[in-house]
Amino acid sequence: MDKNFYLQYAAVEDQHWWFVGRRRIVEELIRQLKLPKNAKILEAGCATGGNLSMLARYGEVAAMELDETACLLANERRITTVQQGSLPDKIPFTSQYDLIVILDVLEHIDDDLAALEALSNRLNPNSCLLITVPAYQFLWSYHDEINHHKRRYTLKRLKRVVKQAGYDVCYGSYFNTWLFPLVAGVRLLKNILKLDKKVDASGDLNLPAKPINKFLTFLFASERFLMKRFRLPFGVSIVLMAQKN
């Protein structure tokens, strides 16, 4: 990604409904973990660092990010020292962690199995990995191309690769379910009419009008209350928690 993309990313990451909603869902799942006091937490692929403040409420946070510009922007938050690194073979830390969070990163990596295995080597025994990824290959669009995605997942496919990497799956669910019909309809229509490539690559980062953004944040984040009780059967994204066995 170019520098301007990450500048815009950083400008909206604390407010945009998608980032805020996902962060609240992830935090609700972290609350349910029995993390030790002063837990050591790693975010692998932290982008411009919008999740670091939330993660710091649950322990001592370390973070890595591939892109140099994103690293610089994340470090401006002064929450932790974000280091450049990549999966699977350039993890800039030797510590062992009680929780590793990898949010919408795995789909960017050519060898997702090797990446998961590398993260396992940085987890303490019986510690947790929390993953989010985009769902369903039929939702593939220009959005995936400009973001350099390699694939989208089904929950079954994600569970399979996680188990192959030596983890036990503790929880898996789709999410962004309420908005799934709208998102799927728009993306499929754009694909049919070939409209996507006519829009600016950063279009998904535009912040909606305040009332719309507030409503979408509430709607998206409200799924966290349902996910405490049961797994959602479909959605635009997938979340999975796995334990190093």
# chains A, B, ... in the order shown; residues from 1 in each chain; ligands from 1

call {"tool": "select_by_dssp", "arguments": {"residues": "stretch 28-69 of chain A", "states": "helix (DSSP H, G or I)", "output": "number ranges by chain"}}
result
A: 28-31, 52-56, 68-69

call {"tool": "write_last_selection", "arguments": {"atoms": "N, CA, C and O atoms", "output": "short mmCIF file (atom, residue, chain, number, x, y, z; two decimals), in the first residue's frame"}}
result
data_model
loop_
_atom_site.label_atom_id
_atom_site.label_comp_id
_atom_site.auth_asym_id
_atom_site.auth_seq_id
_atom_site.Cartn_x
_atom_site.Cartn_y
_atom_site.Cartn_z
N GLU A 28 -14.90 -8.22 23.35
CA GLU A 28 -15.85 -9.06 24.10
C GLU A 28 -15.34 -10.49 24.18
O GLU A 28 -15.47 -11.16 25.22
N LEU A 29 -14.74 -10.98 23.11
CA LEU A 29 -14.18 -12.34 23.13
C LEU A 29 -12.96 -12.42 24.03
O LEU A 29 -12.77 -13.42 24.75
N ILE A 30 -12.13 -11.39 24.05
CA ILE A 30 -10.96 -11.38 24.92
C ILE A 30 -11.39 -11.36 26.38
O ILE A 30 -10.76 -12.02 27.24
N ARG A 31 -12.45 -10.63 26.69
CA ARG A 31 -12.95 -10.59 28.07
C ARG A 31 -13.28 -11.98 28.60
O ARG A 31 -13.19 -12.24 29.80
N LEU A 52 -4.40 -1.20 19.56
CA LEU A 52 -3.39 -1.34 20.61
C LEU A 52 -3.87 -0.83 21.96
O LEU A 52 -3.60 -1.45 23.00
N SER A 53 -4.59 0.28 21.97
CA SER A 53 -5.10 0.82 23.23
C SER A 53 -6.06 -0.16 23.89
O SER A 53 -6.02 -0.37 25.12
N MET A 54 -6.94 -0.76 23.10
CA MET A 54 -7.87 -1.75 23.64
C MET A 54 -7.12 -2.95 24.18
O MET A 54 -7.37 -3.42 25.30
N LEU A 55 -6.15 -3.47 23.43
CA LEU A 55 -5.40 -4.65 23.87
C LEU A 55 -4.60 -4.36 25.13
O LEU A 55 -4.43 -5.25 25.98
N ALA A 56 -4.12 -3.14 25.27
CA ALA A 56 -3.30 -2.77 26.43
C ALA A 56 -4.09 -2.82 27.74
O ALA A 56 -3.49 -2.87 28.82
N GLU A 68 6.24 0.03 6.46
CA GLU A 68 7.02 1.02 7.22
C GLU A 68 6.18 2.23 7.62
O GLU A 68 6.26 2.71 8.75
N THR A 69 5.37 2.73 6.69
CA THR A 69 4.53 3.89 7.01
C THR A 69 3.54 3.57 8.11
O THR A 69 3.34 4.35 9.04
#

call {"tool": "select_by_dssp", "arguments": {"residues": "stretch 137-217 of chain A", "states": "strand (DSSP E or B)", "output": "number ranges by chain"}}
result
A: 153, 167-175

call {"tool": "closest_residue", "arguments": {"among": "A:Phe218, A:Trp17, A:Phe138, A:Phe234", "to": "A:Ser173", "atoms": "only C-alpha atoms"}}
result
A:Phe234

call {"tool": "residues_around", "arguments": {"residues": "A:Lys34", "least_positions_apart": "3", "cutoff": "12 Å", "atoms": "only C-alpha atoms", "output": "list in words"}}
result
Leu29, Ile30, Arg31, Lys37, Asn38, Ala39, Tyr58, Gly59, Asp98, Leu99, Asn126, Ser127 and Cys128 of chain A

call {"tool": "atom_distance", "arguments": {"atom1": "atom CA of A:Ile146", "atom2": "atom CA of A:Glu223"}}
result
27.8 Å

call {"tool": "residues_around", "arguments": {"residues": "A:Arg78", "least_positions_apart": "5", "cutoff": "12 Å", "atoms": "only C-alpha atoms", "output": "MDAnalysis selection string"}}
result
chainID A and resid 48:50 52:53 56 61:63 71:73

call {"tool": "write_last_selection", "arguments": {"atoms": "N, CA and C atoms", "output": "PDB file, in the first residue's frame"}}
result
ATOM      1  N   THR A  48      -2.076   0.572  11.486  1.00  0.00           N
ATOM      2  CA  THR A  48      -1.707   1.846  12.103  1.00  0.00           C
ATOM      3  C   THR A  48      -2.014   1.891  13.594  1.00  0.00           C
ATOM      4  N   GLY A  49      -2.302   0.730  14.187  1.00  0.00           N
ATOM      5  CA  GLY A  49      -2.333   0.625  15.644  1.00  0.00           C
ATOM      6  C   GLY A  49      -3.644   0.929  16.328  1.00  0.00           C
ATOM      7  N   GLY A  50      -4.741   0.889  15.612  1.00  0.00           N
ATOM      8  CA  GLY A  50      -6.024   1.238  16.207  1.00  0.00           C
ATOM      9  C   GLY A  50      -6.512   0.307  17.302  1.00  0.00           C
ATOM     10  N   LEU A  52      -4.397  -1.196  19.561  1.00  0.00           N
ATOM     11  CA  LEU A  52      -3.391  -1.343  20.609  1.00  0.00           C
ATOM     12  C   LEU A  52      -3.875  -0.833  21.963  1.00  0.00           C
ATOM     13  N   SER A  53      -4.594   0.278  21.971  1.00  0.00           N
ATOM     14  CA  SER A  53      -5.095   0.820  23.230  1.00  0.00           C
ATOM     15  C   SER A  53      -6.061  -0.157  23.892  1.00  0.00           C
ATOM     16  N   ALA A  56      -4.118  -3.136  25.274  1.00  0.00           N
ATOM     17  CA  ALA A  56      -3.302  -2.772  26.432  1.00  0.00           C
ATOM     18  C   ALA A  56      -4.091  -2.824  27.736  1.00  0.00           C
ATOM     19  N   VAL A  61       1.466  -5.199  25.797  1.00  0.00           N
ATOM     20  CA  VAL A  61       1.266  -5.394  24.362  1.00  0.00           C
ATOM     21  C   VAL A  61       2.558  -5.203  23.576  1.00  0.00           C
ATOM     22  N   ALA A  62       2.792  -6.118  22.655  1.00  0.00           N
ATOM     23  CA  ALA A  62       3.819  -5.953  21.622  1.00  0.00           C
ATOM     24  C   ALA A  62       3.102  -5.991  20.271  1.00  0.00           C
ATOM     25  N   ALA A  63       3.720  -5.412  19.249  1.00  0.00           N
ATOM     26  CA  ALA A  63       3.062  -5.375  17.942  1.00  0.00           C
ATOM     27  C   ALA A  63       4.090  -5.354  16.824  1.00  0.00           C
ATOM     28  N   CYS A  71       3.869   1.336  10.418  1.00  0.00           N
ATOM     29  CA  CYS A  71       4.655   1.239  11.658  1.00  0.00           C
ATOM     30  C   CYS A  71       4.857   2.613  12.287  1.00  0.00           C
ATOM     31  N   LEU A  72       5.258   3.567  11.478  1.00  0.00           N
ATOM     32  CA  LEU A  72       5.506   4.917  11.987  1.00  0.00           C
ATOM     33  C   LEU A  72       4.235   5.518  12.582  1.00  0.00           C
ATOM     34  N   LEU A  73       3.125   5.345  11.897  1.00  0.00           N
ATOM     35  CA  LEU A  73       1.857   5.887  12.384  1.00  0.00           C
ATOM     36  C   LEU A  73       1.410   5.191  13.670  1.00  0.00           C
TER      37      LEU A  73
END

call {"tool": "closest_residue", "arguments": {"among": "A:Ile79, A:Val101, A:Leu33, A:Ala115", "to": "A:Cys170", "atoms": "only C-alpha atoms"}}
result
A:Leu33

call {"tool": "closest_atom_pairs", "arguments": {"of": "stretch 129-237 of chain A", "to": "stretch 106-110 of chain A", "cutoff": "12 Å", "atoms": "only C-alpha atoms", "output": "JSON lines"}}
result
{"residue": "A:Leu130", "atom": "CA", "partner": "A:Leu106", "partner_atom": "CA", "distance": 11.3}
{"residue": "A:Ile131", "atom": "CA", "partner": "A:Leu106", "partner_atom": "CA", "distance": 8.0}
{"residue": "A:Thr132", "atom": "CA", "partner": "A:Leu106", "partner_atom": "CA", "distance": 8.0}
{"residue": "A:Val133", "atom": "CA", "partner": "A:Glu107", "partner_atom": "CA", "distance": 6.5}
{"residue": "A:Pro134", "atom": "CA", "partner": "A:Glu107", "partner_atom": "CA", "distance": 7.5}
{"residue": "A:Ala135", "atom": "CA", "partner": "A:Glu107", "partner_atom": "CA", "distance": 9.9}
{"residue": "A:Tyr136", "atom": "CA", "partner": "A:Glu107", "partner_atom": "CA", "distance": 11.7}
{"residue": "A:Gln137", "atom": "CA", "partner": "A:Glu107", "partner_atom": "CA", "distance": 11.3}
{"residue": "A:Trp140", "atom": "CA", "partner": "A:Glu107", "partner_atom": "CA", "distance": 11.9}
{"residue": "A:Asp144", "atom": "CA", "partner": "A:Glu107", "partner_atom": "CA", "distance": 9.4}
{"residue": "A:Glu145", "atom": "CA", "partner": "A:His108", "partner_atom": "CA", "distance": 10.3}
{"residue": "A:Ile146", "atom": "CA", "partner": "A:His108", "partner_atom": "CA", "distance": 11.1}
{"residue": "A:Asn147", "atom": "CA", "partner": "A:His108", "partner_atom": "CA", "distance": 8.1}
{"residue": "A:His148", "atom": "CA", "partner": "A:His108", "partner_atom": "CA", "distance": 6.1}
{"residue": "A:His149", "atom": "CA", "partner": "A:His108", "partner_atom": "CA", "distance": 4.6}
{"residue": "A:Lys150", "atom": "CA", "partner": "A:His108", "partner_atom": "CA", "distance": 5.5}
{"residue": "A:Arg151", "atom": "CA", "partner": "A:Glu107", "partner_atom": "CA", "distance": 5.5}
{"residue": "A:Arg152", "atom": "CA", "partner": "A:Glu107", "partner_atom": "CA", "distance": 6.4}
{"residue": "A:Tyr153", "atom": "CA", "partner": "A:Glu107", "partner_atom": "CA", "distance": 8.1}
{"residue": "A:Thr154", "atom": "CA", "partner": "A:Glu107", "partner_atom": "CA", "distance": 11.7}
{"residue": "A:Leu158", "atom": "CA", "partner": "A:Leu106", "partner_atom": "CA", "distance": 9.9}
{"residue": "A:Val161", "atom": "CA", "partner": "A:Leu106", "partner_atom": "CA", "distance": 11.0}
{"residue": "A:Val162", "atom": "CA", "partner": "A:Leu106", "partner_atom": "CA", "distance": 11.0}
{"residue": "A:Ser237", "atom": "CA", "partner": "A:Glu107", "partner_atom": "CA", "distance": 11.4}

call {"tool": "atom_distance", "arguments": {"atom1": "atom CA of A:Gly185", "atom2": "atom CA of A:Phe230"}}
result
25.5 Å

call {"tool": "residues_around", "arguments": {"residues": "A:Ala242", "least_positions_apart": "2", "cutoff": "7 Å", "atoms": "only C-alpha atoms", "output": "PyMOL selection string"}}
result
chain A and resi 128-130+167-171+240+244

call {"tool": "write_last_selection", "arguments": {"atoms": "C-alpha atoms", "output": "PDB file, in the first residue's frame"}}
result
ATOM      1  CA  CYS A 128      -4.767 -18.511  22.674  1.00  0.00           C
ATOM      2  CA  LEU A 129      -4.680 -17.242  19.107  1.00  0.00           C
ATOM      3  CA  LEU A 130      -7.527 -14.948  17.988  1.00  0.00           C
ATOM      4  CA  TYR A 167      -4.079 -25.817  17.396  1.00  0.00           C
ATOM      5  CA  ASP A 168      -7.310 -26.868  19.075  1.00  0.00           C
ATOM      6  CA  VAL A 169     -10.240 -24.731  17.906  1.00  0.00           C
ATOM      7  CA  CYS A 170     -12.110 -23.271  20.888  1.00  0.00           C
ATOM      8  CA  TYR A 171     -14.631 -21.037  19.139  1.00  0.00           C
ATOM      9  CA  LEU A 240     -11.912 -17.910  15.438  1.00  0.00           C
ATOM     10  CA  LYS A 244      -1.964 -24.083  21.349  1.00  0.00           C
TER      11      LYS A 244
END

call {"tool": "closest_residue", "arguments": {"among": "A:Lys190, A:Pro208, A:Met227, A:Leu113", "to": "A:Gly172", "atoms": "only C-alpha atoms"}}
result
A:Met227

call {"tool": "atom_distance", "arguments": {"atom1": "atom CA of A:Thr80", "atom2": "atom CA of A:Asn245"}}
result
28.6 Å

call {"tool": "closest_residue", "arguments": {"among": "A:Val105, A:Leu188, A:Ala11, A:Ile25", "to": "A:Phe225", "atoms": "only C-alpha atoms"}}
result
A:Ile25
